[in-house]
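Okay, start-v9.csv is below, CSV, C-alpha atoms:
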```
chain,number,residue,atom,x,y,z
Q,29,MET,CA,-0.1,0.7,16.5
Q,30,PRO,CA,-0.3,-1.9,13.7
Q,31,SER,CA,-0.7,-5.5,14.9
Q,32,ALA,CA,1.8,-8.3,14.2
Q,33,GLU,CA,-0.8,-9.5,11.6
Q,34,ASP,CA,-0.9,-6.0,9.9
Q,35,ILE,CA,2.9,-5.9,9.8
Q,36,THR,CA,3.2,-9.4,8.3
Q,37,LYS,CA,0.6,-8.5,5.7
Q,38,ALA,CA,2.4,-5.2,4.9
Q,39,VAL,CA,5.7,-7.1,4.4
Q,40,ASN,CA,4.0,-9.7,2.1
Q,41,ARG,CA,2.4,-6.8,0.1
Q,42,TYR,CA,5.9,-5.2,-0.1
Q,43,LEU,CA,7.5,-8.4,-1.5
Q,44,GLU,CA,4.6,-8.8,-3.9
Q,45,THR,CA,4.9,-5.3,-5.3
Q,46,VAL,CA,8.7,-5.7,-5.5
Q,47,SER,CA,8.4,-9.0,-7.4
Q,48,GLN,CA,5.9,-7.4,-9.8
Q,49,GLY,CA,8.3,-4.6,-10.5
Q,50,ARG,CA,5.8,-1.8,-9.6
Q,51,PRO,CA,7.7,1.2,-8.1
Q,52,ASP,CA,4.6,3.3,-7.6
Q,53,ASP,CA,2.9,0.6,-5.6
Q,54,VAL,CA,6.1,-0.1,-3.6
Q,55,ALA,CA,6.5,3.6,-2.8
Q,56,ALA,CA,2.8,3.8,-1.7
Q,57,LEU,CA,3.5,1.4,1.1
Q,58,TYR,CA,6.0,3.9,2.6
Q,59,ALA,CA,5.2,6.9,4.9
Q,60,GLU,CA,5.7,10.3,3.3
Q,61,ASP,CA,8.9,10.9,5.4
Q,62,ALA,CA,10.2,7.3,5.3
Q,63,THR,CA,13.8,6.3,4.8
Q,64,VAL,CA,15.3,3.4,2.8
Q,65,GLU,CA,18.9,2.2,3.2
Q,66,ASP,CA,19.5,-0.7,0.8
Q,67,PRO,CA,22.1,-2.0,1.2
Q,68,VAL,CA,23.0,-0.8,4.7
Q,69,GLY,CA,26.2,1.3,4.5
Q,70,GLY,CA,25.1,2.9,1.3
Q,71,GLU,CA,23.0,5.9,0.5
Q,72,VAL,CA,19.9,6.6,2.6
Q,73,HIS,CA,16.9,7.6,0.4
Q,74,ILE,CA,14.7,10.0,2.3
Q,75,GLY,CA,11.0,10.6,1.5
Q,76,ARG,CA,8.5,8.8,-0.6
Q,77,GLN,CA,9.5,10.6,-3.8
Q,78,ALA,CA,13.2,9.6,-3.5
Q,79,ILE,CA,12.1,6.1,-2.5
Q,80,ARG,CA,10.0,5.8,-5.6
Q,81,GLY,CA,13.0,6.9,-7.7
Q,82,PHE,CA,15.2,4.3,-6.0
Q,83,TYR,CA,12.8,1.4,-6.8
Q,84,ALA,CA,12.2,2.7,-10.3
Q,85,ASN,CA,16.0,2.3,-10.8
Q,86,VAL,CA,16.4,-1.1,-9.2
Q,87,LEU,CA,13.2,-2.9,-10.2
Q,88,GLY,CA,12.6,-4.1,-13.8
Q,89,ALA,CA,13.9,-7.6,-14.3
Q,90,LYS,CA,11.5,-10.4,-13.6
Q,91,CYS,CA,12.0,-11.6,-10.1
Q,92,GLU,CA,10.6,-13.8,-7.3
Q,93,THR,CA,10.7,-13.4,-3.6
Q,94,ASP,CA,10.8,-16.2,-1.0
Q,95,VAL,CA,10.7,-15.6,2.8
Q,96,VAL,CA,12.9,-17.9,4.8
Q,97,THR,CA,11.8,-16.5,8.2
Q,98,LEU,CA,9.9,-13.5,9.3
Q,99,ARG,CA,9.2,-12.0,12.8
Q,100,ALA,CA,6.8,-9.1,13.5
Q,101,LEU,CA,7.5,-7.6,17.0
Q,102,GLY,CA,6.3,-4.2,18.4
Q,103,ASN,CA,6.2,-1.9,15.4
Q,104,GLU,CA,8.9,-3.7,13.5
Q,105,ALA,CA,9.5,-6.6,11.2
Q,106,ALA,CA,12.8,-8.5,10.6
Q,107,TYR,CA,12.9,-11.1,7.9
Q,108,PHE,CA,15.4,-13.2,6.1
Q,109,TRP,CA,14.5,-13.7,2.4
Q,110,ARG,CA,15.7,-14.5,-1.0
Q,111,LEU,CA,15.3,-12.3,-4.1
Q,112,THR,CA,15.7,-14.4,-7.3
Q,113,VAL,CA,16.2,-12.3,-10.4
Q,114,ASP,CA,15.6,-13.8,-13.9
Q,115,LEU,CA,18.4,-12.5,-16.1
Q,116,GLY,CA,17.0,-14.1,-19.2
Q,117,GLU,CA,18.3,-17.0,-21.3
Q,118,GLY,CA,18.0,-19.3,-18.2
Q,119,ASP,CA,20.4,-17.2,-16.1
Q,120,ARG,CA,19.4,-16.4,-12.6
Q,121,MET,CA,20.9,-14.4,-9.7
Q,122,THR,CA,19.8,-14.9,-6.1
Q,123,ILE,CA,20.4,-12.4,-3.3
Q,124,GLU,CA,20.0,-13.5,0.3
Q,125,ILE,CA,18.8,-10.5,2.4
Q,126,ILE,CA,18.1,-9.7,6.0
Q,127,SER,CA,15.6,-6.8,6.1
Q,128,VAL,CA,14.4,-4.7,9.0
Q,129,MET,CA,11.4,-2.4,8.7
Q,130,THR,CA,9.7,-0.1,11.2
Q,131,PHE,CA,6.1,0.9,10.8
Q,132,ASP,CA,4.2,4.0,11.8
Q,133,ASP,CA,0.8,4.1,13.5
Q,134,GLU,CA,-1.0,3.8,10.2
Q,135,GLY,CA,0.9,0.7,9.2
Q,136,LYS,CA,3.0,2.5,6.6
Q,137,ILE,CA,6.7,1.6,6.4
Q,138,ALA,CA,8.6,4.3,8.3
Q,139,SER,CA,12.1,2.8,7.6
Q,140,MET,CA,13.6,0.0,5.7
Q,141,LYS,CA,17.1,-1.4,6.0
Q,142,ALA,CA,18.4,-4.2,3.8
Q,143,TYR,CA,21.5,-6.1,4.9
Q,144,TRP,CA,23.3,-7.8,2.0
Q,145,GLY,CA,26.6,-7.5,0.2
Q,146,PRO,CA,28.5,-9.2,-2.7
Q,147,ASP,CA,29.0,-12.4,-0.5
Q,148,ASN,CA,25.2,-12.8,-0.5
Q,149,ILE,CA,24.8,-13.0,-4.2
Q,150,LYS,CA,24.7,-16.3,-6.0
Q,151,GLN,CA,24.8,-16.6,-9.8
Q,152,GLY,CA,23.2,-19.4,-11.8
L,28,MET,CA,35.0,3.4,12.2
L,29,PRO,CA,35.5,-0.3,12.8
L,30,SER,CA,36.1,-2.5,9.7
L,31,ALA,CA,33.8,-5.3,8.6
L,32,GLU,CA,36.4,-7.7,10.0
L,33,ASP,CA,36.4,-5.9,13.3
L,34,ILE,CA,32.6,-6.1,13.5
L,35,THR,CA,32.6,-9.7,12.5
L,36,LYS,CA,35.1,-10.5,15.3
L,37,ALA,CA,33.1,-8.5,17.8
L,38,VAL,CA,29.9,-10.5,17.0
L,39,ASN,CA,31.8,-13.8,17.3
L,40,ARG,CA,33.3,-12.6,20.6
L,41,TYR,CA,29.8,-11.6,21.8
L,42,LEU,CA,28.4,-15.1,20.9
L,43,GLU,CA,31.4,-16.8,22.6
L,44,THR,CA,30.8,-14.8,25.9
L,45,VAL,CA,27.1,-15.5,25.7
L,46,SER,CA,27.6,-19.2,25.2
L,47,GLN,CA,30.1,-19.2,28.1
L,48,GLY,CA,27.5,-17.5,30.4
L,49,ARG,CA,29.8,-14.6,31.4
L,50,PRO,CA,27.7,-11.5,31.9
L,51,ASP,CA,30.7,-9.3,32.9
L,52,ASP,CA,32.5,-10.2,29.7
L,53,VAL,CA,29.3,-9.7,27.6
L,54,ALA,CA,28.7,-6.3,29.1
L,55,ALA,CA,32.3,-5.2,28.5
L,56,LEU,CA,31.7,-5.5,24.8
L,57,TYR,CA,29.0,-2.8,25.0
L,58,ALA,CA,29.6,1.0,25.0
L,59,GLU,CA,28.9,2.8,28.3
L,60,ASP,CA,25.6,4.3,27.0
L,61,ALA,CA,24.6,1.3,24.8
L,62,THR,CA,21.0,0.0,24.5
L,63,VAL,CA,19.7,-3.6,24.4
L,64,GLU,CA,16.2,-4.6,23.2
L,65,ASP,CA,15.9,-8.4,23.5
L,66,PRO,CA,13.3,-9.4,22.3
L,67,VAL,CA,12.3,-6.3,20.2
L,68,GLY,CA,9.0,-5.0,21.5
L,69,GLY,CA,10.1,-5.6,25.1
L,70,GLU,CA,12.0,-3.5,27.6
L,71,VAL,CA,15.0,-1.5,26.4
L,72,HIS,CA,18.0,-1.8,28.7
L,73,ILE,CA,20.0,1.4,28.7
L,74,GLY,CA,23.6,1.7,29.8
L,75,ARG,CA,26.3,-1.0,30.5
L,76,GLN,CA,25.2,-1.6,34.1
L,77,ALA,CA,21.6,-2.3,33.2
L,78,ILE,CA,22.8,-4.5,30.3
L,79,ARG,CA,25.1,-6.5,32.6
L,80,GLY,CA,22.0,-7.0,34.9
L,81,PHE,CA,20.0,-8.2,31.9
L,82,TYR,CA,22.6,-10.8,30.9
L,83,ALA,CA,23.1,-11.9,34.5
L,84,ASN,CA,19.4,-12.7,34.5
L,85,VAL,CA,19.1,-14.5,31.2
L,86,LEU,CA,22.5,-16.4,31.0
L,87,GLY,CA,23.2,-19.4,33.2
L,88,ALA,CA,22.2,-22.6,31.5
L,89,LYS,CA,24.8,-24.3,29.3
L,90,CYS,CA,24.2,-23.2,25.7
L,91,GLU,CA,25.7,-23.1,22.2
L,92,THR,CA,25.5,-20.6,19.5
L,93,ASP,CA,25.5,-21.3,15.8
L,94,VAL,CA,25.5,-18.5,13.1
L,95,VAL,CA,23.5,-19.3,10.0
L,96,THR,CA,24.4,-16.1,8.1
L,97,LEU,CA,26.1,-12.8,9.1
L,98,ARG,CA,26.6,-9.6,7.3
L,99,ALA,CA,28.8,-6.7,8.5
L,100,LEU,CA,28.0,-3.4,6.6
L,101,GLY,CA,28.9,0.2,7.5
L,102,ASN,CA,28.9,0.3,11.3
L,103,GLU,CA,26.3,-2.5,11.7
L,104,ALA,CA,26.0,-6.2,11.8
L,105,ALA,CA,22.9,-8.3,11.0
L,106,TYR,CA,22.9,-12.0,11.6
L,107,PHE,CA,20.6,-15.0,11.8
L,108,TRP,CA,21.6,-17.5,14.4
L,109,ARG,CA,20.5,-20.2,16.7
L,110,LEU,CA,20.9,-20.4,20.5
L,111,THR,CA,20.6,-23.9,21.8
L,112,VAL,CA,20.1,-24.2,25.5
L,113,ASP,CA,20.9,-27.4,27.4
L,114,LEU,CA,18.0,-27.8,29.9
L,115,GLY,CA,19.6,-30.9,31.5
L,116,GLU,CA,18.6,-34.6,31.3
L,117,GLY,CA,18.9,-34.5,27.5
L,118,ASP,CA,16.4,-31.8,27.1
L,119,ARG,CA,17.2,-28.9,24.7
L,120,MET,CA,15.6,-25.7,23.5
L,121,THR,CA,16.6,-23.9,20.4
L,122,ILE,CA,15.8,-20.2,19.7
L,123,GLU,CA,16.2,-18.9,16.1
L,124,ILE,CA,17.1,-15.2,16.3
L,125,ILE,CA,17.7,-12.3,13.9
L,126,SER,CA,20.0,-9.9,15.6
L,127,VAL,CA,21.0,-6.4,14.6
L,128,MET,CA,23.9,-4.5,16.2
L,129,THR,CA,25.4,-1.1,15.7
L,130,PHE,CA,28.9,-0.2,16.7
L,131,ASP,CA,30.7,3.0,17.8
L,132,ASP,CA,34.0,4.3,16.5
L,133,GLU,CA,35.9,2.2,19.1
L,134,GLY,CA,34.2,-1.0,17.9
L,135,LYS,CA,32.0,-1.3,21.0
L,136,ILE,CA,28.4,-2.4,20.6
L,137,ALA,CA,26.3,0.8,20.6
L,138,SER,CA,22.9,-1.0,20.3
L,139,MET,CA,21.6,-4.5,20.0
L,140,LYS,CA,18.1,-5.6,19.0
L,141,ALA,CA,17.1,-9.3,18.9
L,142,TYR,CA,14.1,-10.3,16.9
L,143,TRP,CA,12.5,-13.5,18.2
L,144,GLY,CA,9.3,-14.7,19.7
L,145,PRO,CA,7.5,-17.8,20.9
L,146,ASP,CA,7.2,-19.1,17.3
L,147,ASN,CA,11.0,-19.2,17.0
L,148,ILE,CA,11.5,-21.5,20.0
L,149,LYS,CA,11.8,-25.2,19.4
L,150,GLN,CA,11.8,-27.8,22.3
L,151,GLY,CA,13.6,-31.1,22.2
```

Written as structure tokens, how would this file's structure read?
Amino acid sequence: MPSAEDITKAVNRYLETVSQGRPDDVAALYAEDATVEDPVGGEVHIGRQAIRGFYANVLGAKCETDVVTLRALGNEAAYFWRLTVDLGEGDRMTIEIISVMTFDDEGKIASMKAYWGPDNIKQG
Amino acid sequence: MPSAEDITKAVNRYLETVSQGRPDDVAALYAEDATVEDPVGGEVHIGRQAIRGFYANVLGAKCETDVVTLRALGNEAAYFWRLTVDLGEGDRMTIEIISVMTFDDEGKIASMKAYWGPDNIKQG
């Protein structure tokens, strides 16, 4: 089982690859049969290939990530964070997200769920 | 399926009964076969009777709850909140918690997971 330190590092690596807009590197952090539900209540993407496709669609714009609070417990992580997207010409959009990840024995992400909706998006 | 409004009300009712220290009323919000993992990584309490016993053990001291941010999506809720426990003689302890709940078709809590550890407890 990955340690709390392993899990914290994996989350930070995830946020780094997301902010760098690298779908291949994001997908590589996931287990082969992982699932992604982002946002929760929407489509569930199953398997690394589908997950890569999801990130290829949503990543692109310059963005920054900022963790408000993270906790690694058992084989899970829950964290509250902000994704700030640079829309160009000085415009920005910030999404405040609660994310939950589970990890497999190798420290790969087995599942990711992101809890956010229109109320959690701020423009400007 | 319960609406986002139903789920938000159920979470608020949960926090109200927790702060009032009423294990029977807390347990009544759960489905018969619900599960509680609080904190995540610890024991999983299965079924309403075990859940009632869990709350009877942990509730007692005067406390207050304060939601920082809550999101209700699909049949789930994720929220970041503070539990402030009055230890008497002016002493207080605050625990910052990320909680995730799933709900059944009747709007009862089907599962609850609370993400917190020693790092999330503040004395004084």

Counting all atoms listed in the file, the residue of Q:Ser31, Q:Gln151, Q:Asn85, Q:Gln48 that sits nearest chain L: Q:Ser31

Chain Q contacts to chain L at 12 Å (all atoms listed in the file) as a VMD selection string: chain Q and resid 29 31 to 32 65 to 71 96 to 109 124 to 130 141 to 148

Spatial neighbours of Q:Ala84, max dist 9 Å, all atoms listed in the file, sep filter under 4 positions, as a list in words: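 My list of contacting residues is Gly49, Arg50, Pro51, Asp52, Ile79, Arg80 and Gly88 of chain Q.
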
Q:Glu117 environment, 12 Å, all atoms listed in the file, sequence neighbours closer than 3 positions dropped, as an NGL selection string: :Q and (114 or 120 or 152)

For stretch 90-94 of chain Q: contacts at 6 Å, all atoms listed in the file, fewer than 6 positions along chain excluded, given as an MDAnalysis selection string: chainID Q and resid 47 109:114

Point-to-point distance from atom CA of Q:Gly81 to atom CA of Q:Glu44, Å rounded to tenths: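 Atom CA of Q:Glu44 lies at a distance of 18.2 Å from atom CA of Q:Gly81.
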
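For the atom pair formed by atom CA of L:Ala37 and atom CA of L:Ala55, the distance is 11.2 Å, given to one decimal.
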
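Take atom CA of L:Ala77 and atom CA of L:Asp60: the distance between them is 9.9 Å.
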
Close residues, Q:Tyr58 itself excluded, 12 Å, all atoms listed in the file, min 5 positions apart in chain, as a list in words: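 Final neighbour list, sorted by chain and number: Ala38, Val39, Arg41, Tyr42, Pro51, Asp52, Asp53, Thr63, Val64, His73, Ile74, Gly75, Arg76, Gln77, Ala78, Ile79, Arg80, Tyr83, Met129, Thr130, Phe131, Asp132, Glu134, Gly135, Lys136, Ile137, Ala138, Ser139 and Met140 of chain Q.
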